[in-house]
Amino acid sequence: MQQLEVTLRRKRLVENCPRNYQFILMTNAIIEKTLGKISSEEKRNQLILALQQTIPEYPNKDLSKRMLLWQEAKILNSIVTTYIDCQDYEKATEVWEMIRNSYQASKLYRFVDYEGYNLMQANYASCIGSSGDYFQSTKLCYENIRHCLKEGNIEFLERACYGITWNREQEIKQKYGKLKKETTYLEKLRQAEVIANMLNQTVLIEFLKKHRQMLDKITH
């Protein structure tokens, strides 16, 4: 990444296009956190610096009514993960709602890529489920399915289907003290497997296969 930055600076592609430097800062923060070189807080600070390359006012500016570019939405999603790492679900939800409002407030998003919105929705639903609100998380998952189908984008359908499965499993465990088979979530798990195979997502295919095998061992 350092060599890339040097090359971009030599060609004046940092000064003339802030998004180039933004990409470097974002990628570097993600890599360093993955390698364990920095903490979640340090990663967040680096990501905020990256976002400020195109939105200098952040975090002092409400972005709910600003049209976010895909890379900006991706950085905000990464910022949210740092709050989740610190179990600050309230702050994570606050940022996600800001991203969500930004997408929904602009009619221009009917004509551009919804990938940033879909990513945010998938992570948002997962976070809410992890915090224990399985009903609201499932509601969001179904909303995500409708949105993906409407836009003709199946990339995040698998996560929505698995989210419904996971939420229902947790509800059953809470009610009965153990996991029981139920047609509804088993169907969603099978749908998640089908979509993962369609997308050729090897890691997800194996993960979902093991999950189904675990459920197959349950006799009732």
# chains A, B, ... in the order shown; residues from 1 in each chain; ligands from 1

call {"tool": "residues_around", "arguments": {"residues": "range 173-184 of chain A", "least_positions_apart": "3", "cutoff": "12 Å", "atoms": "only C-alpha atoms", "output": "ChimeraX atom specification"}}
result
/A:132,134,161-162,164-170,187-191,212,214-220

call {"tool": "residues_around", "arguments": {"residues": "Leu204 in chain A", "least_positions_apart": "3", "cutoff": "10 Å", "atoms": "only C-alpha atoms", "output": "JSON, numbers by chain"}}
result
{"A": [158, 159, 192, 193, 195, 196, 197, 199, 200, 201, 207, 208, 209, 210]}

call {"tool": "write_last_selection", "arguments": {"atoms": "all heavy atoms", "output": "CSV table (one decimal), in the first residue's frame"}}
result
chain,number,residue,atom,x,y,z
A,158,GLU,N,-28.4,-14.3,0.2
A,158,GLU,CA,-28.0,-15.4,1.1
A,158,GLU,C,-27.9,-14.9,2.5
A,158,GLU,O,-28.4,-15.7,3.4
A,158,GLU,CB,-26.6,-15.9,0.6
A,158,GLU,CG,-26.0,-17.0,1.5
A,158,GLU,CD,-25.2,-16.4,2.7
A,158,GLU,OE1,-24.7,-15.3,2.5
A,158,GLU,OE2,-25.2,-17.1,3.7
A,159,ARG,N,-27.4,-13.8,2.8
A,159,ARG,CA,-27.2,-13.3,4.1
A,159,ARG,C,-28.6,-13.0,4.8
A,159,ARG,O,-28.8,-13.3,6.0
A,159,ARG,CB,-26.4,-12.0,4.2
A,159,ARG,CG,-24.9,-12.2,3.9
A,159,ARG,CD,-24.1,-11.0,4.2
A,159,ARG,NE,-24.2,-10.5,5.5
A,159,ARG,CZ,-23.6,-9.4,6.0
A,159,ARG,NH1,-22.8,-8.7,5.1
A,159,ARG,NH2,-23.8,-8.9,7.2
A,192,ALA,N,-30.7,-20.2,1.4
A,192,ALA,CA,-29.4,-19.6,1.5
A,192,ALA,C,-28.3,-20.5,0.8
A,192,ALA,O,-27.4,-20.0,0.1
A,192,ALA,CB,-29.0,-19.5,3.0
A,193,GLU,N,-28.4,-21.8,1.0
A,193,GLU,CA,-27.5,-22.7,0.3
A,193,GLU,C,-27.6,-22.6,-1.2
A,193,GLU,O,-26.5,-22.6,-1.9
A,193,GLU,CB,-27.7,-24.2,0.7
A,193,GLU,CG,-27.2,-24.5,2.1
A,193,GLU,CD,-27.3,-26.0,2.4
A,193,GLU,OE1,-28.4,-26.5,2.8
A,193,GLU,OE2,-26.3,-26.7,2.2
A,195,ILE,N,-28.6,-20.1,-3.0
A,195,ILE,CA,-28.0,-18.8,-3.5
A,195,ILE,C,-26.5,-18.8,-3.4
A,195,ILE,O,-25.8,-18.3,-4.3
A,195,ILE,CB,-28.6,-17.7,-2.6
A,195,ILE,CG1,-30.1,-17.6,-2.9
A,195,ILE,CG2,-28.0,-16.3,-3.0
A,195,ILE,CD1,-30.9,-16.7,-1.9
A,196,ALA,N,-26.0,-19.3,-2.3
A,196,ALA,CA,-24.5,-19.4,-2.2
A,196,ALA,C,-23.9,-20.2,-3.3
A,196,ALA,O,-22.8,-19.8,-3.8
A,196,ALA,CB,-24.1,-20.0,-0.8
A,197,ASN,N,-24.6,-21.3,-3.7
A,197,ASN,CA,-24.1,-22.1,-4.8
A,197,ASN,C,-24.2,-21.3,-6.1
A,197,ASN,O,-23.3,-21.4,-7.0
A,197,ASN,CB,-24.8,-23.4,-4.9
A,197,ASN,CG,-24.3,-24.5,-4.0
A,197,ASN,OD1,-23.3,-25.1,-4.3
A,197,ASN,ND2,-25.0,-24.7,-2.9
A,199,LEU,N,-23.9,-18.2,-6.5
A,199,LEU,CA,-22.9,-17.1,-6.5
A,199,LEU,C,-21.5,-17.7,-6.4
A,199,LEU,O,-20.5,-17.0,-6.4
A,199,LEU,CB,-23.1,-16.2,-5.3
A,199,LEU,CG,-24.4,-15.4,-5.3
A,199,LEU,CD1,-24.6,-14.6,-4.0
A,199,LEU,CD2,-24.3,-14.4,-6.4
A,200,ASN,N,-21.4,-19.1,-6.2
A,200,ASN,CA,-20.1,-19.8,-6.2
A,200,ASN,C,-19.3,-19.3,-5.0
A,200,ASN,O,-18.1,-19.1,-5.1
A,200,ASN,CB,-19.3,-19.7,-7.5
A,200,ASN,CG,-18.2,-20.7,-7.6
A,200,ASN,OD1,-18.3,-21.8,-7.0
A,200,ASN,ND2,-17.2,-20.4,-8.3
A,201,GLN,N,-19.9,-19.1,-3.9
A,201,GLN,CA,-19.2,-18.6,-2.7
A,201,GLN,C,-18.8,-19.8,-1.8
A,201,GLN,O,-19.5,-20.3,-1.0
A,201,GLN,CB,-20.1,-17.7,-1.9
A,201,GLN,CG,-20.5,-16.4,-2.6
A,201,GLN,CD,-21.5,-15.5,-1.8
A,201,GLN,OE1,-22.3,-16.0,-1.1
A,201,GLN,NE2,-21.4,-14.2,-2.0
A,207,PHE,N,-19.8,-23.4,5.0
A,207,PHE,CA,-20.4,-23.0,6.3
A,207,PHE,C,-21.8,-23.4,6.4
A,207,PHE,O,-22.2,-24.0,7.4
A,207,PHE,CB,-20.3,-21.5,6.4
A,207,PHE,CG,-21.0,-20.9,7.6
A,207,PHE,CD1,-20.5,-21.1,8.9
A,207,PHE,CD2,-22.2,-20.3,7.4
A,207,PHE,CE1,-21.2,-20.6,10.0
A,207,PHE,CE2,-23.0,-19.8,8.5
A,207,PHE,CZ,-22.4,-20.0,9.8
A,208,LEU,N,-22.6,-23.2,5.4
A,208,LEU,CA,-24.0,-23.5,5.4
A,208,LEU,C,-24.2,-25.0,5.4
A,208,LEU,O,-25.2,-25.5,6.0
A,208,LEU,CB,-24.7,-22.9,4.2
A,208,LEU,CG,-24.8,-21.3,4.2
A,208,LEU,CD1,-25.3,-20.8,2.9
A,208,LEU,CD2,-25.7,-20.9,5.3
A,209,LYS,N,-23.4,-25.7,4.7
A,209,LYS,CA,-23.4,-27.2,4.6
A,209,LYS,C,-23.2,-27.8,6.0
A,209,LYS,O,-24.0,-28.7,6.5
A,209,LYS,CB,-22.4,-27.7,3.7
A,209,LYS,CG,-22.4,-29.3,3.6
A,209,LYS,CD,-21.2,-29.7,2.6
A,209,LYS,CE,-21.2,-31.2,2.6
A,209,LYS,NZ,-20.1,-31.7,1.7
A,210,LYS,N,-22.2,-27.3,6.8
A,210,LYS,CA,-22.0,-27.7,8.1
A,210,LYS,C,-23.1,-27.4,9.0
A,210,LYS,O,-23.5,-28.2,9.9
A,210,LYS,CB,-20.7,-27.1,8.6
A,210,LYS,CG,-19.4,-27.7,8.0
A,210,LYS,CD,-18.2,-27.1,8.5
A,210,LYS,CE,-16.9,-27.7,7.9
A,210,LYS,NZ,-15.7,-27.0,8.4

call {"tool": "closest_atom_pairs", "arguments": {"of": "range 9-52 of chain A", "to": "range 65-85 of chain A", "cutoff": "7 Å", "atoms": "only C-alpha atoms", "output": "Markdown table"}}
result
| residue | atom | partner | partner_atom | distance |
| --- | --- | --- | --- | --- |
| A:Met26 | CA | A:Ile75 | CA | 6.7 |
| A:Ser40 | CA | A:Thr82 | CA | 5.1 |
| A:Glu41 | CA | A:Thr82 | CA | 6.8 |
| A:Arg44 | CA | A:Ile79 | CA | 5.5 |
| A:Leu47 | CA | A:Ile75 | CA | 6.4 |
| A:Leu51 | CA | A:Glu72 | CA | 6.4 |

call {"tool": "residues_around", "arguments": {"residues": "Gln53 in chain A", "least_positions_apart": "4", "cutoff": "7 Å", "atoms": "only C-alpha atoms", "output": "ChimeraX atom specification"}}
result
/A:18-19,22,49

call {"tool": "atom_distance", "arguments": {"atom1": "CA of Ala92 in chain A", "atom2": "CA of Ile30 in chain A"}}
result
17.3 Å

call {"tool": "select_by_dssp", "arguments": {"residues": "range 9-175 of chain A", "states": "helix (DSSP H, G or I)", "output": "PyMOL selection string"}}
result
chain A and resi 9-10+18-34+40-51+70-85+89-105+107-110+115-130+134-151+157-175

call {"tool": "closest_residue", "arguments": {"among": "A:Asn123, A:Ser102, A:Asn118, A:Ser131", "to": "His147 in chain A", "atoms": "only C-alpha atoms"}}
result
A:Asn118

call {"tool": "closest_residue", "arguments": {"among": "A:Glu155, A:Glu171, A:Glu143, A:Asp62", "to": "Gly129 in chain A", "atoms": "only C-alpha atoms"}}
result
A:Glu171

call {"tool": "residues_around", "arguments": {"residues": "Glu32 in chain A", "least_positions_apart": "5", "cutoff": "8 Å", "atoms": "only C-alpha atoms", "output": "PyMOL selection string"}}
result
chain A and resi 37-38+43

call {"tool": "closest_residue", "arguments": {"among": "A:Ser64, A:Thr54, A:Gln46, A:Thr27", "to": "Ala105 in chain A", "atoms": "only C-alpha atoms"}}
result
A:Ser64

call {"tool": "residues_around", "arguments": {"residues": "Arg100 in chain A", "least_positions_apart": "6", "cutoff": "8 Å", "atoms": "only C-alpha atoms", "output": "PyMOL selection string"}}
result
chain A and resi 64+117+120-121

call {"tool": "write_last_selection", "arguments": {"atoms": "C-alpha atoms", "output": "JSON list (two decimals), in the first residue's frame"}}
result
[["chain", "number", "residue", "atom", "x", "y", "z"],
["A", 64, "SER", "CA", -28.71, 11.61, 6.34],
["A", 117, "TYR", "CA", -27.35, 0.17, 0.63],
["A", 120, "MET", "CA", -25.57, -1.62, 5.06],
["A", 121, "GLN", "CA", -28.94, -3.35, 5.38]]

call {"tool": "atom_distance", "arguments": {"atom1": "CA of Asn101 in chain A", "atom2": "CA of Asn20 in chain A"}}
result
26.1 Å
